[in-house]
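The next block is structure.cif, given as mmCIF, C-alpha atoms.
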data_query
#
loop_
_atom_site.label_atom_id
_atom_site.label_comp_id
_atom_site.auth_asym_id
_atom_site.auth_seq_id
_atom_site.Cartn_x
_atom_site.Cartn_y
_atom_site.Cartn_z
CA MET A 437 0.00 0.00 0.00
CA ALA A 438 2.86 2.38 0.82
CA ARG A 439 4.48 1.79 -2.57
CA ARG A 440 1.22 2.56 -4.36
CA THR A 441 0.94 5.78 -2.39
CA VAL A 442 4.48 6.76 -3.33
CA VAL A 443 3.77 6.14 -7.03
CA ARG A 444 0.58 8.16 -6.85
CA VAL A 445 2.13 11.09 -4.99
CA ALA A 446 5.09 11.21 -7.37
CA SER A 447 2.77 11.10 -10.37
CA LEU A 448 0.41 13.78 -9.07
CA THR A 449 3.36 16.03 -8.21
CA SER A 450 4.79 15.58 -11.69
CA ALA A 451 1.39 16.27 -13.25
CA GLY A 452 0.99 19.47 -11.25
CA LEU A 453 4.39 20.74 -12.35
CA TRP A 454 3.76 19.95 -16.01
CA ILE A 455 0.33 21.59 -15.89
CA ALA A 456 1.94 24.70 -14.41
CA LEU A 457 4.48 24.71 -17.24
CA SER A 458 1.64 24.36 -19.74
CA LEU A 459 0.03 27.50 -18.34
CA LEU A 460 3.31 29.43 -18.25
CA GLY A 461 4.05 28.86 -21.92
CA GLU A 462 7.48 28.09 -23.34
CA VAL A 463 10.03 27.25 -20.62
CA ALA A 464 13.65 26.23 -21.21
CA ALA A 465 16.14 24.65 -18.80
CA GLY A 466 19.36 23.82 -20.60
CA PRO A 467 18.68 21.33 -23.40
CA ALA A 468 15.18 20.59 -22.05
CA ARG A 469 12.27 22.72 -23.21
CA ALA A 470 8.58 22.73 -22.44
CA VAL A 471 7.03 24.06 -25.61
CA GLY A 472 4.02 23.11 -27.66
CA ALA A 473 2.64 19.69 -26.80
CA VAL A 474 5.54 18.70 -24.54
CA ALA A 475 4.13 19.81 -21.19
CA PRO A 476 0.51 18.74 -21.90
CA ALA A 477 1.64 15.28 -23.04
CA ALA A 478 3.88 14.82 -19.99
CA ALA A 479 1.07 16.01 -17.69
CA GLY A 480 -1.33 13.54 -19.30
CA ALA A 481 1.14 10.69 -18.80
CA ALA A 482 1.55 11.61 -15.13
CA LEU A 483 -2.22 11.79 -14.56
CA LEU A 484 -2.70 8.40 -16.20
CA LEU A 485 -0.09 6.84 -13.92
CA ALA A 486 -1.60 8.60 -10.90
CA ALA A 487 -5.00 7.10 -11.73
CA SER A 488 -3.44 3.65 -11.67
CA GLY A 489 -3.62 1.61 -8.52
CA GLY A 490 0.07 1.04 -8.94
CA PRO A 491 1.93 -2.25 -8.57
CA ALA A 492 2.39 -3.39 -4.98
CA ARG A 493 5.88 -4.87 -5.40
CA ARG A 494 9.03 -2.82 -5.08
CA PHE A 495 10.60 -3.26 -8.53
CA PRO A 496 7.39 -2.78 -10.57
CA ALA A 497 6.55 0.34 -8.55
CA ALA A 498 10.01 1.82 -9.10
CA ALA A 499 9.95 0.81 -12.77
CA SER A 500 6.63 2.57 -13.39
CA VAL A 501 7.92 5.84 -11.90
CA LEU A 502 11.17 5.52 -13.85
CA ALA A 503 9.19 4.85 -17.03
CA LEU A 504 7.26 8.07 -16.46
CA GLY A 505 10.54 9.92 -15.95
CA LEU A 506 12.06 8.52 -19.14
CA ALA A 507 9.00 9.31 -21.23
CA SER A 508 8.74 12.85 -19.85
CA ALA A 509 12.45 13.51 -20.26
CA GLY A 510 12.31 12.29 -23.85
CA LEU A 511 9.53 14.75 -24.58
CA ALA A 512 11.37 17.65 -22.96
CA LEU A 513 14.64 16.88 -24.76
CA GLY A 514 12.92 16.24 -28.07
CA VAL A 515 12.35 19.84 -29.09
CA GLY A 516 15.85 20.73 -30.28
CA ASP A 517 18.23 19.01 -32.66
CA ASP A 518 18.01 15.22 -32.79
CA GLY A 519 14.64 15.63 -31.11
CA ALA A 520 12.97 12.59 -32.61
CA ALA A 521 15.74 10.38 -31.25
CA TRP A 522 15.18 11.56 -27.68
CA VAL A 523 11.41 11.18 -27.82
CA VAL A 524 11.54 7.69 -29.35
CA ALA A 525 14.30 6.66 -26.94
CA GLY A 526 12.25 7.80 -23.96
CA LEU A 527 9.16 5.99 -25.16
CA THR A 528 11.11 2.82 -25.97
CA GLY A 529 12.77 2.86 -22.55
CA ALA A 530 9.38 3.27 -20.89
CA CYS A 531 7.99 0.30 -22.86
CA VAL A 532 10.95 -1.87 -21.84
CA LEU A 533 10.59 -0.94 -18.16
CA ILE A 534 6.85 -1.60 -18.18
CA ALA A 535 7.44 -4.99 -19.81
CA LEU A 536 10.11 -5.90 -17.26
CA ALA A 537 7.85 -4.76 -14.43
CA GLY A 538 5.07 -6.94 -15.80
CA ARG A 539 7.34 -9.95 -15.78
CA ALA A 540 8.26 -9.17 -12.16
CA GLY A 541 4.68 -9.08 -10.96
CA GLY A 542 3.54 -5.71 -12.26
CA ASP A 543 0.11 -4.70 -13.50
CA VAL A 544 0.62 -5.10 -17.26
CA PRO A 545 -0.11 -8.50 -18.84
CA PRO A 546 2.46 -9.99 -21.23
CA GLY A 547 0.26 -9.52 -24.28
CA SER A 548 -0.06 -5.76 -23.77
CA ALA A 549 3.64 -5.44 -22.95
CA ALA A 550 4.53 -7.32 -26.13
CA LEU A 551 2.33 -5.04 -28.25
CA ALA A 552 3.88 -1.95 -26.67
CA LEU A 553 7.37 -3.27 -27.40
CA ALA A 554 6.34 -4.12 -30.95
CA GLY A 555 5.08 -0.57 -31.43
CA ALA A 556 8.35 0.79 -30.04
CA ALA A 557 10.26 -1.43 -32.47
CA ILE A 558 8.20 -0.08 -35.38
CA LEU A 559 8.88 3.49 -34.24
CA THR A 560 12.60 2.81 -33.96
CA ALA A 561 12.63 1.26 -37.42
CA GLY A 562 10.84 4.33 -38.73
CA LEU A 563 13.43 6.59 -37.14
CA ALA A 564 16.16 4.46 -38.73
CA ARG A 565 14.56 5.09 -42.12
CA VAL A 566 14.44 8.82 -41.34
CA VAL A 567 18.17 8.78 -40.64
CA ALA A 568 18.88 6.76 -43.75
CA THR A 569 16.95 9.14 -46.02
CA THR A 570 17.63 12.53 -44.41
CA GLY A 571 20.86 12.01 -42.47
CA ALA A 572 19.33 13.59 -39.35
CA LEU A 573 17.75 12.22 -36.19
CA GLU A 574 14.79 14.55 -36.42
CA LEU A 575 11.64 15.02 -38.39
CA PRO A 576 12.25 17.43 -41.31
CA VAL A 577 11.15 20.99 -40.65
CA ASP A 578 10.29 21.49 -44.32
CA GLY A 579 9.38 18.79 -46.81
CA LEU A 580 7.97 15.31 -46.44
CA LEU A 581 9.35 12.01 -45.27
CA ALA A 582 9.72 8.96 -47.43
CA LEU A 583 6.43 7.08 -47.40
CA ASP A 584 7.80 4.00 -45.66
CA ALA A 585 9.39 6.08 -42.89
CA GLY A 586 6.19 8.05 -42.31
CA LEU A 587 4.05 4.92 -42.25
CA LEU A 588 6.38 3.24 -39.75
CA LEU A 589 6.30 6.26 -37.44
CA VAL A 590 2.52 6.64 -37.61
CA GLY A 591 1.88 2.90 -37.36
CA GLY A 592 4.16 2.44 -34.37
CA SER A 593 2.59 5.44 -32.63
CA ALA A 594 -0.89 4.05 -33.27
CA VAL A 595 0.02 0.65 -31.81
CA VAL A 596 1.52 2.11 -28.63
CA ALA A 597 -1.31 4.62 -28.24
CA VAL A 598 -3.98 1.92 -28.53
CA VAL A 599 -2.15 -0.24 -25.97
CA GLY A 600 -2.13 2.70 -23.56
CA ALA A 601 -5.80 3.48 -24.20
CA LEU A 602 -6.88 -0.13 -23.65
CA ARG A 603 -4.91 -0.44 -20.39
CA PRO A 604 -6.15 2.44 -18.22
CA ARG A 605 -5.48 2.24 -14.49
CA ARG A 606 -2.28 0.38 -15.40
CA SER A 607 1.25 1.68 -15.80
CA ALA A 608 1.04 1.09 -19.57
CA ALA A 609 -1.56 3.86 -19.79
CA LEU A 610 1.15 6.54 -19.55
CA LEU A 611 2.26 5.52 -23.05
CA LEU A 612 -0.91 6.97 -24.62
CA PRO A 613 -0.09 10.72 -24.64
CA VAL A 614 3.60 10.13 -25.37
CA ALA A 615 2.78 8.02 -28.42
CA LEU A 616 0.34 10.67 -29.64
CA ALA A 617 3.00 13.35 -29.17
CA ILE A 618 5.14 11.38 -31.65
CA GLY A 619 2.35 10.26 -33.96
CA VAL A 620 0.61 13.59 -34.57
CA PRO A 621 3.66 15.44 -35.97
CA SER A 622 4.75 12.29 -37.82
CA ALA A 623 1.37 12.05 -39.55
CA THR A 624 1.86 15.49 -41.07
CA THR A 625 4.78 14.17 -43.13
CA LEU A 626 2.78 11.63 -45.14
CA GLY A 627 1.90 13.99 -47.96
CA ALA A 628 -0.56 12.76 -50.56
CA ALA A 629 -0.76 9.35 -48.88
CA GLY A 630 -2.25 11.02 -45.82
CA ASP A 631 -5.79 10.83 -47.19
CA ALA A 632 -5.68 7.03 -47.42
CA VAL A 633 -4.03 6.67 -44.02
CA ALA A 634 -6.54 9.05 -42.45
CA LEU A 635 -9.44 7.15 -44.00
CA ALA A 636 -8.12 3.84 -42.62
CA LEU A 637 -7.60 5.31 -39.15
CA VAL A 638 -11.06 6.90 -39.09
CA LEU A 639 -12.63 3.59 -40.11
CA LEU A 640 -10.83 1.90 -37.23
CA ALA A 641 -11.98 4.66 -34.89
CA LEU A 642 -15.57 4.28 -36.10
CA ALA A 643 -15.42 0.51 -35.58
CA ALA A 644 -14.07 0.99 -32.05
CA THR A 645 -16.76 3.55 -31.25
CA VAL A 646 -19.57 1.37 -32.59
CA GLY A 647 -18.18 -1.60 -30.67
CA TRP A 648 -18.07 0.44 -27.49
CA ALA A 649 -21.60 1.79 -28.07
CA ALA A 650 -22.89 -1.76 -28.58
CA THR A 651 -21.26 -3.17 -25.46
CA SER A 652 -21.90 -0.13 -23.27
CA ALA A 653 -25.56 -1.06 -23.07
CA GLN A 654 -24.41 -3.71 -20.61
CA PHE A 655 -20.99 -2.63 -19.38
CA PRO A 656 -20.07 1.08 -19.56
CA ASP A 657 -16.38 0.64 -20.37
CA ALA A 658 -14.70 3.66 -21.93
CA ARG A 659 -11.50 1.95 -23.03
CA LEU A 660 -12.60 1.48 -26.64
CA LEU A 661 -13.84 5.07 -26.74
CA SER A 662 -10.42 6.34 -25.65
CA ALA A 663 -8.72 4.19 -28.30
CA ALA A 664 -11.11 5.52 -30.96
CA LEU A 665 -10.28 9.12 -30.02
CA ALA A 666 -6.54 8.38 -30.20
CA LEU A 667 -6.91 6.92 -33.70
CA ALA A 668 -9.05 9.88 -34.75
CA ALA A 669 -6.34 12.27 -33.55
CA LEU A 670 -3.75 10.58 -35.77
CA ALA A 671 -6.21 10.63 -38.68
CA ALA A 672 -6.83 14.36 -38.27
CA ALA A 673 -3.12 15.11 -38.44
CA ALA A 674 -2.61 12.89 -41.50
CA VAL A 675 -5.01 14.81 -43.78
CA PRO A 676 -2.81 16.77 -46.23
CA THR A 677 -4.95 19.86 -46.49
CA SER A 678 -4.21 23.54 -46.09
CA GLY A 679 -7.71 24.80 -46.85
CA ILE A 680 -7.53 26.82 -43.65
CA PRO A 681 -4.01 27.88 -42.62
CA GLY A 682 -2.73 25.84 -39.70
CA THR A 683 0.56 25.17 -37.97
CA ALA A 684 1.89 21.89 -36.67
CA THR A 685 3.06 22.83 -33.19
CA ALA A 686 5.65 20.07 -32.87
CA VAL A 687 6.92 20.36 -36.48
CA GLU A 688 7.57 24.01 -37.14
CA GLY A 689 6.78 25.15 -40.64
CA ALA A 690 4.66 22.17 -41.65
CA ALA A 691 1.36 23.17 -43.20
CA ALA A 692 -1.29 20.81 -41.85
CA ALA A 693 -4.61 22.39 -41.04
CA GLY A 694 -5.86 19.32 -39.20
CA VAL A 695 -3.16 19.44 -36.50
CA PRO A 696 -5.07 21.71 -34.05
CA ALA A 697 -8.04 19.34 -34.28
CA ALA A 698 -5.67 16.41 -33.77
CA TRP A 699 -4.32 17.85 -30.52
CA LEU A 700 -7.86 18.52 -29.26
CA LEU A 701 -8.87 14.93 -30.02
CA ALA A 702 -5.70 13.63 -28.37
CA THR A 703 -6.56 15.63 -25.25
CA ALA A 704 -10.03 14.09 -25.22
CA ALA A 705 -8.53 10.60 -25.51
CA VAL A 706 -6.33 11.20 -22.46
CA VAL A 707 -9.14 12.76 -20.39
CA THR A 708 -11.41 9.81 -21.17
CA ALA A 709 -8.68 7.30 -20.26
CA VAL A 710 -8.05 9.01 -16.91
CA SER A 711 -11.67 9.17 -15.77
CA LEU A 712 -13.09 6.16 -17.66
CA VAL A 713 -16.42 7.99 -17.70
CA PRO A 714 -17.98 7.99 -21.19
CA LEU A 715 -19.39 11.45 -20.54
CA ALA A 716 -15.80 12.75 -20.57
CA GLY A 717 -15.61 11.87 -24.26
CA LEU A 718 -17.88 14.82 -25.02
CA CYS A 719 -14.82 17.07 -24.80
CA ALA A 720 -13.86 15.62 -28.21
CA ILE A 721 -16.69 17.54 -29.91
CA PRO A 722 -14.59 20.72 -30.48
CA GLY A 723 -11.86 18.62 -32.09
CA VAL A 724 -14.32 16.92 -34.42
CA ALA A 725 -15.90 20.29 -35.26
CA ALA A 726 -12.49 21.83 -36.01
CA LEU A 727 -11.60 18.87 -38.24
CA THR A 728 -14.92 19.03 -40.06
CA VAL A 729 -14.44 22.74 -40.78
CA VAL A 730 -11.02 22.02 -42.27
CA LEU A 731 -12.26 19.11 -44.39
CA VAL A 732 -15.28 20.96 -45.73
CA ALA A 733 -13.07 23.91 -46.67
CA ASP A 734 -11.12 21.58 -48.99
CA PRO A 735 -14.01 19.60 -50.52
CA GLU A 736 -12.39 16.63 -52.20
CA PRO A 737 -14.36 13.36 -52.18
CA ALA A 738 -12.00 11.57 -49.81
CA ARG A 739 -12.09 14.46 -47.34
CA LEU A 740 -15.84 14.83 -47.49
CA ALA A 741 -16.05 11.09 -46.75
CA LEU A 742 -13.72 11.64 -43.80
CA ALA A 743 -15.93 14.45 -42.53
CA GLY A 744 -19.00 12.20 -42.79
CA LEU A 745 -17.26 9.38 -40.93
CA ALA A 746 -16.11 11.77 -38.22
CA VAL A 747 -19.64 13.07 -37.72
CA ALA A 748 -21.01 9.50 -37.68
CA THR A 749 -18.49 8.56 -35.00
CA VAL A 750 -19.60 11.47 -32.82
CA VAL A 751 -23.28 10.63 -33.32
CA ALA A 752 -22.68 7.01 -32.25
CA ALA A 753 -20.73 8.13 -29.18
CA VAL A 754 -23.24 10.79 -28.14
CA ALA A 755 -26.14 8.35 -28.56
CA ALA A 756 -24.43 5.83 -26.29
CA VAL A 757 -23.60 8.51 -23.71
CA GLY A 758 -27.20 9.72 -23.79
CA GLN A 759 -28.46 6.22 -23.16
CA GLN A 760 -26.20 5.93 -20.14
CA ALA A 761 -27.24 9.35 -18.84
CA ARG A 762 -30.88 8.25 -18.94
CA GLY A 763 -30.00 5.48 -16.53
CA GLY A 764 -30.48 2.63 -18.98
CA VAL A 765 -27.08 1.10 -18.28
CA ASP A 766 -26.33 -1.72 -15.87
CA ASP A 767 -23.18 -0.47 -14.15
CA ARG A 768 -22.39 -3.72 -12.43
CA PRO A 769 -19.06 -5.41 -13.12
CA ARG A 770 -18.89 -8.33 -15.54
CA GLY A 771 -18.90 -11.03 -12.90
CA GLY A 772 -20.86 -9.25 -10.21
CA ALA A 773 -24.42 -9.57 -9.05
CA SER A 774 -24.71 -6.31 -7.17
CA ALA A 775 -23.60 -2.76 -7.48
CA GLY A 776 -20.04 -2.39 -8.72
CA PRO A 777 -17.12 -1.28 -6.57
CA GLN A 778 -16.71 2.37 -5.86
CA PRO A 779 -13.72 4.10 -7.43
CA ALA A 780 -10.71 4.56 -5.16
CA LEU A 781 -9.41 7.92 -4.00
CA GLY A 782 -6.38 7.79 -6.31
CA PRO A 783 -8.32 7.75 -9.59
CA LEU A 784 -10.57 10.49 -8.23
CA LEU A 785 -7.59 12.74 -7.46
CA ALA A 786 -6.31 12.27 -10.99
CA ALA A 787 -9.70 12.58 -12.67
CA VAL A 788 -10.63 15.95 -11.14
CA PRO A 789 -7.87 17.96 -12.91
CA ALA A 790 -8.30 15.88 -16.06
CA LEU A 791 -12.04 16.59 -16.23
CA ALA A 792 -11.39 20.27 -15.50
CA LEU A 793 -9.09 20.38 -18.52
CA GLY A 794 -11.71 18.51 -20.55
CA ALA A 795 -14.36 21.06 -19.60
CA TRP A 796 -11.96 23.84 -20.57
CA VAL A 797 -11.50 22.25 -24.01
CA LEU A 798 -15.24 21.81 -24.46
CA VAL A 799 -16.14 25.38 -23.56
CA VAL A 800 -13.15 27.46 -24.74
CA PRO A 801 -11.12 25.40 -27.24
CA THR A 802 -9.74 28.50 -28.94
CA SER A 803 -7.86 29.51 -25.77
CA TRP A 804 -5.50 26.54 -26.06
CA THR A 805 -2.82 28.35 -28.01
CA TRP A 806 -0.37 25.42 -27.97
CA VAL A 807 -2.59 23.35 -30.28
CA GLY A 808 -2.42 25.94 -33.05
CA PRO A 809 -5.12 28.12 -34.59
CA VAL A 810 -8.53 26.54 -33.95
CA ARG A 811 -10.98 28.03 -36.43
CA LEU A 812 -14.12 27.89 -34.31
CA GLU A 813 -15.20 31.50 -34.03
CA GLY A 814 -18.19 31.95 -31.75
CA TRP A 815 -17.85 28.45 -30.29
CA SER A 816 -17.94 29.52 -26.62
CA TYR A 817 -20.95 31.76 -27.21
CA SER A 818 -22.82 28.94 -28.93
CA VAL A 819 -21.98 26.45 -26.17
CA ALA A 820 -23.18 28.89 -23.51
CA LEU A 821 -26.48 29.48 -25.33
CA GLY A 822 -27.02 25.76 -25.89
CA ALA A 823 -26.26 24.88 -22.28
CA ALA A 824 -28.57 27.62 -20.96
CA GLY A 825 -31.40 26.60 -23.28
CA GLY A 826 -31.02 22.92 -22.41
CA LEU A 827 -30.99 23.67 -18.69
CA ILE A 828 -34.12 25.80 -18.93
CA ALA A 829 -35.90 23.09 -20.91
CA MET A 830 -34.92 20.40 -18.39
CA VAL A 831 -36.07 22.45 -15.41
CA ALA A 832 -39.38 23.27 -17.10
CA ALA A 833 -39.99 19.64 -18.08
CA ALA A 834 -39.11 18.42 -14.58
CA ALA A 835 -41.42 21.00 -12.99
CA ALA A 836 -44.24 19.85 -15.27
CA GLY A 837 -43.64 16.25 -14.26
CA ARG A 838 -42.70 15.19 -17.79
CA LEU A 839 -39.06 14.47 -17.09
CA ALA A 840 -37.44 12.58 -14.25
CA LEU A 841 -34.33 14.24 -12.92
CA PRO A 842 -31.28 12.25 -14.07
CA ARG A 843 -28.88 10.69 -11.65
CA PRO A 844 -25.77 12.71 -10.78
CA PRO A 845 -23.10 11.81 -13.30
CA LEU A 846 -20.06 9.86 -12.20
CA ILE A 847 -16.82 11.82 -12.05
CA VAL A 848 -14.66 8.73 -12.23
CA ALA A 849 -15.46 5.10 -12.90
CA PRO A 850 -14.03 2.13 -10.99
CA ASP A 851 -11.29 0.03 -12.52
CA PRO A 852 -12.43 -2.08 -15.46
CA VAL A 853 -12.68 -5.78 -14.74
CA SER A 854 -10.20 -7.90 -16.66
CA GLY A 855 -9.96 -11.64 -16.99
CA PRO A 856 -6.96 -13.78 -16.02
CA HIS A 857 -3.78 -13.38 -18.04
CA PRO A 858 -2.18 -16.61 -19.24
CA GLY A 859 1.40 -16.91 -18.13
CA ALA A 860 2.39 -18.79 -21.29
CA SER A 861 2.21 -15.57 -23.33
CA GLY A 862 5.42 -14.33 -21.74
CA TRP A 863 7.34 -15.50 -24.80
CA LEU A 864 5.66 -12.69 -26.74
CA VAL A 865 7.54 -10.18 -24.61
CA ALA A 866 10.82 -11.87 -25.46
CA VAL A 867 10.04 -11.81 -29.19
CA ALA A 868 9.01 -8.16 -29.04
CA GLY A 869 12.15 -7.34 -27.04
CA VAL A 870 14.29 -8.93 -29.73
CA ALA A 871 12.43 -6.82 -32.30
CA VAL A 872 13.29 -3.67 -30.34
CA GLY A 873 16.94 -4.71 -30.23
CA LEU A 874 17.05 -5.35 -33.97
CA ALA A 875 15.40 -2.00 -34.65
CA LEU A 876 18.00 -0.26 -32.46
CA LEU A 877 20.76 -2.02 -34.37
CA ALA A 878 19.22 -0.81 -37.62
CA LEU A 879 19.12 2.74 -36.24
CA LEU A 880 22.79 2.58 -35.23
CA ALA A 881 23.74 1.15 -38.60
CA SER A 882 21.86 3.88 -40.48
CA ALA A 883 23.48 6.59 -38.35
#
As structure tokens, how would this structure be written, given the file I've shared?
Amino acid sequence: MARRTVVRVASLTSAGLWIALSLLGEVAAGPARAVGAVAPAAAGAALLLAASGGPARRFPAAASVLALGLASAGLALGVGDDGAAWVVAGLTGACVLIALAGRAGGDVPPGSAALALAGAAILTAGLARVVATTGALELPVDGLLALDAGLLLVGGSAVVAVVGALRPRRSAALLLPVALAIGVPSATTLGAAGDAVALALVLLALAATVGWAATSAQFPDARLLSAALALAALAAAAVPTSGIPGTATAVEGAAAAGVPAAWLLATAAVVTAVSLVPLAGLCAIPGVAALTVVLVADPEPARLALAGLAVATVVAAVAAVGQQARGGVDDRPRGGASAGPQPALGPLLAAVPALALGAWVLVVPTSWTWVGPVRLEGWSYSVALGAAGGLIAMVAAAAAGRLALPRPPLIVAPDPVSGPHPGASGWLVAVAGVAVGLALLALLASA
């Protein structure tokens, strides 16, 4: 219990410091810099680890905190020259530590650890291709990457992000924002192939959302919703459109109008993963709106199809959330016969600041300057009018006896119930570890 408390206190302290840096703006300390998405991504990783119950054994607990430190340091060192190398190295080191902690009795099953390592290997291979084609350990400021390098970077980021989204309340969850911090700027380098990649990612996001909406009628589990938002964030950044001028925060000079929407969707994915309350996913609406505005401004068939799929994803998610808000959801755990367990204090402490940031995004998305120019003029005014009108209608209907007052919404959900993890799958971790080693060798050879 003491080790879990130490992990939680360290994570909450780190999150508070990174949130403060996010509010201060650009901060530099030697080679480390907190600029753009660096501080928000590091704060999200810390909040996700703080929401975790934390492993009870000594080595897994220390490994999870060290993994957070490596991932955060990689982000902070990744702004200058050779930046991509530092970010990928930090993420890879975090994946290795989480896998080792899992083998030593941690909270991450071998299958998830193996997938995270496989994603890190794909990222490292992509970075090796970047070095081989550009001669630099960084994403190009101007120009596009070779297609294979861009696909490896985006694919590896997507794998690691999905692993983090599907393992909330576990140490692997901290990988979600770090992977998105790599994947979003990498997706802007795909060029003309970005339309096809974005379409594939949006289809995966739609499938995940529909799957979550179908299962949430029995078990309100927001893991698939968080994964869908992460995939949608990568898709938004991949669209090669400049119909409305935009700036990729982490790749200076790259023209990608979907990047601000991508960062807003990535924020929603992290907020949802911290709280595990489906209602938190509503903070993704500004991101979807910003993406739709960009796609409609450049009306090619593929981009109009993307806009339609994005809107369909939101409709499916909002319909499922509305069903839960009406009280039509059985919130008992999968194997239980009575009311489910109440969430612990740790997840609540992490969810409160996360939901506050989510509410900020939902109401005033244009004030988040680090995401880039969000073209949603009049958004806050419209949200205020809609909220006031909805509240008046609800009060009037309740007073007339035509509407039952809904139950108070949950701020944070209890830990999702998972089945037993077969010990025989440990060989997957070894195979994935070998893949990481080979990818590192390829990177050294290319350098």
Identify, on the basis of all atoms listed in the file, every residue whose closest approach to A:Ser711 does not exceed 7 Å; exclude the query and any residue fewer than 4 positions from it along the same chain; express the result as a short mmCIF file (atom, residue, chain, number, x, y, z; two decimals) with C-alpha atoms, keeping the file's coordinate frame.
data_model
loop_
_atom_site.label_atom_id
_atom_site.label_comp_id
_atom_site.auth_asym_id
_atom_site.auth_seq_id
_atom_site.Cartn_x
_atom_site.Cartn_y
_atom_site.Cartn_z
CA VAL A 707 -9.14 12.76 -20.39
CA ALA A 787 -9.70 12.58 -12.67
CA ILE A 847 -16.82 11.82 -12.05
CA VAL A 848 -14.66 8.73 -12.23
CA ALA A 849 -15.46 5.10 -12.90
#
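Residues in contact range of A:Ser607, defined as at most 9 Å between only C-alpha atoms, with sequence neighbours fewer than 3 positions away removed, read Leu484, Leu485, Ala486, Ser488, Gly489, Gly490, Pro491, Ser500, Val501, Ala503, Leu504, Ile534, Gly542, Asp543, Val544, Gly600, Arg603, Pro604, Leu610 and Leu611 of chain A.
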Resulting file, chosen residues, C-alpha atoms, as a PDB file, keeping the file's coordinate frame:
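Final output, saved to out_28.pdb:
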ATOM      1  CA  LEU A 484      -2.700   8.400 -16.200  1.00  0.00           C
ATOM      2  CA  LEU A 485      -0.090   6.840 -13.920  1.00  0.00           C
ATOM      3  CA  ALA A 486      -1.600   8.600 -10.900  1.00  0.00           C
ATOM      4  CA  SER A 488      -3.440   3.650 -11.670  1.00  0.00           C
ATOM      5  CA  GLY A 489      -3.620   1.610  -8.520  1.00  0.00           C
ATOM      6  CA  GLY A 490       0.070   1.040  -8.940  1.00  0.00           C
ATOM      7  CA  PRO A 491       1.930  -2.250  -8.570  1.00  0.00           C
ATOM      8  CA  SER A 500       6.630   2.570 -13.390  1.00  0.00           C
ATOM      9  CA  VAL A 501       7.920   5.840 -11.900  1.00  0.00           C
ATOM     10  CA  ALA A 503       9.190   4.850 -17.030  1.00  0.00           C
ATOM     11  CA  LEU A 504       7.260   8.070 -16.460  1.00  0.00           C
ATOM     12  CA  ILE A 534       6.850  -1.600 -18.180  1.00  0.00           C
ATOM     13  CA  GLY A 542       3.540  -5.710 -12.260  1.00  0.00           C
ATOM     14  CA  ASP A 543       0.110  -4.700 -13.500  1.00  0.00           C
ATOM     15  CA  VAL A 544       0.620  -5.100 -17.260  1.00  0.00           C
ATOM     16  CA  GLY A 600      -2.130   2.700 -23.560  1.00  0.00           C
ATOM     17  CA  ARG A 603      -4.910  -0.440 -20.390  1.00  0.00           C
ATOM     18  CA  PRO A 604      -6.150   2.440 -18.220  1.00  0.00           C
ATOM     19  CA  LEU A 610       1.150   6.540 -19.550  1.00  0.00           C
ATOM     20  CA  LEU A 611       2.260   5.520 -23.050  1.00  0.00           C
TER      21      LEU A 611
END
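Excluding stretch 562-576 of chain A and any residue on its chain fewer than 4 positions from it, the residues at most 6 Å away by only C-alpha atoms are Asp518, Gly519, Ala520, Ala521, Ala585, Leu588, Leu589, Leu879 and Ser882 of chain A.
These residues, each with an atom at most 10 Å from (13.5, -5.3, -33.6) using all atoms listed in the file, are Leu553, Ala554, Gly555, Ala556, Ala557, Ile558, Leu559, Thr560, Ala561, Val867, Ala868, Gly869, Val870, Ala871, Val872, Gly873, Leu874, Ala875, Leu876, Leu877 and Ala878 of chain A.
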Best match for closeness to A:Ala741 among A:Val524, A:Val638, A:Ala720, A:Ala617, counting all atoms listed in the file: A:Val638
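For the point (-15.0, 7.6, -25.7), the residues with at least one atom inside 7 Å, counting all atoms listed in the file, are Ala658, Leu660, Leu661, Ser662, Ala664, Leu665, Thr708, Pro714, Gly717 and Ala753 of chain A.
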Reference answer for the PyMOL selection byres ((chain A and resi 457) around 12), as a VMD selection string: chain A and resid 450 to 456 458 to 465 469 to 479 512 806
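Note that the spacing between atom CA of A:Thr703 and atom CA of A:Leu551 amounts to 22.7 Å.
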The PyMOL selection byres ((chain A and resi 586) around 7) resolved against shown file, as a count of residues only: 14
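Picture a line from atom CA of A:Cys531 to atom CA of A:Leu602; it runs 14.9 Å.
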Atom pair atom CA of A:Leu791 / atom CA of A:Ala743: separation (Å): 26.7 Å
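Closest to A:Ala790 among A:Ala709, A:Ala601, A:Ala823, A:Ala672 is A:Ala709, based on only C-alpha atoms.
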Name the residues captured by the PyMOL selection byres ((chain A and resi 614) around 9) when it is applied to the shown file; answer as a compact mmCIF listing (two decimals) with C-alpha atoms, in the coordinates of the input.
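What follows is the written file selection31.txt:
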# COMPACT_ATOMS: atom_id res chain seq x y z
CA VAL A 474 5.54 18.70 -24.54
CA ALA A 477 1.64 15.28 -23.04
CA ALA A 478 3.88 14.82 -19.99
CA GLY A 480 -1.33 13.54 -19.30
CA ALA A 481 1.14 10.69 -18.80
CA ALA A 507 9.00 9.31 -21.23
CA SER A 508 8.74 12.85 -19.85
CA LEU A 511 9.53 14.75 -24.58
CA VAL A 523 11.41 11.18 -27.82
CA LEU A 527 9.16 5.99 -25.16
CA SER A 593 2.59 5.44 -32.63
CA VAL A 596 1.52 2.11 -28.63
CA ALA A 597 -1.31 4.62 -28.24
CA LEU A 610 1.15 6.54 -19.55
CA LEU A 611 2.26 5.52 -23.05
CA LEU A 612 -0.91 6.97 -24.62
CA PRO A 613 -0.09 10.72 -24.64
CA ALA A 615 2.78 8.02 -28.42
CA LEU A 616 0.34 10.67 -29.64
CA ALA A 617 3.00 13.35 -29.17
CA ILE A 618 5.14 11.38 -31.65
CA GLY A 619 2.35 10.26 -33.96
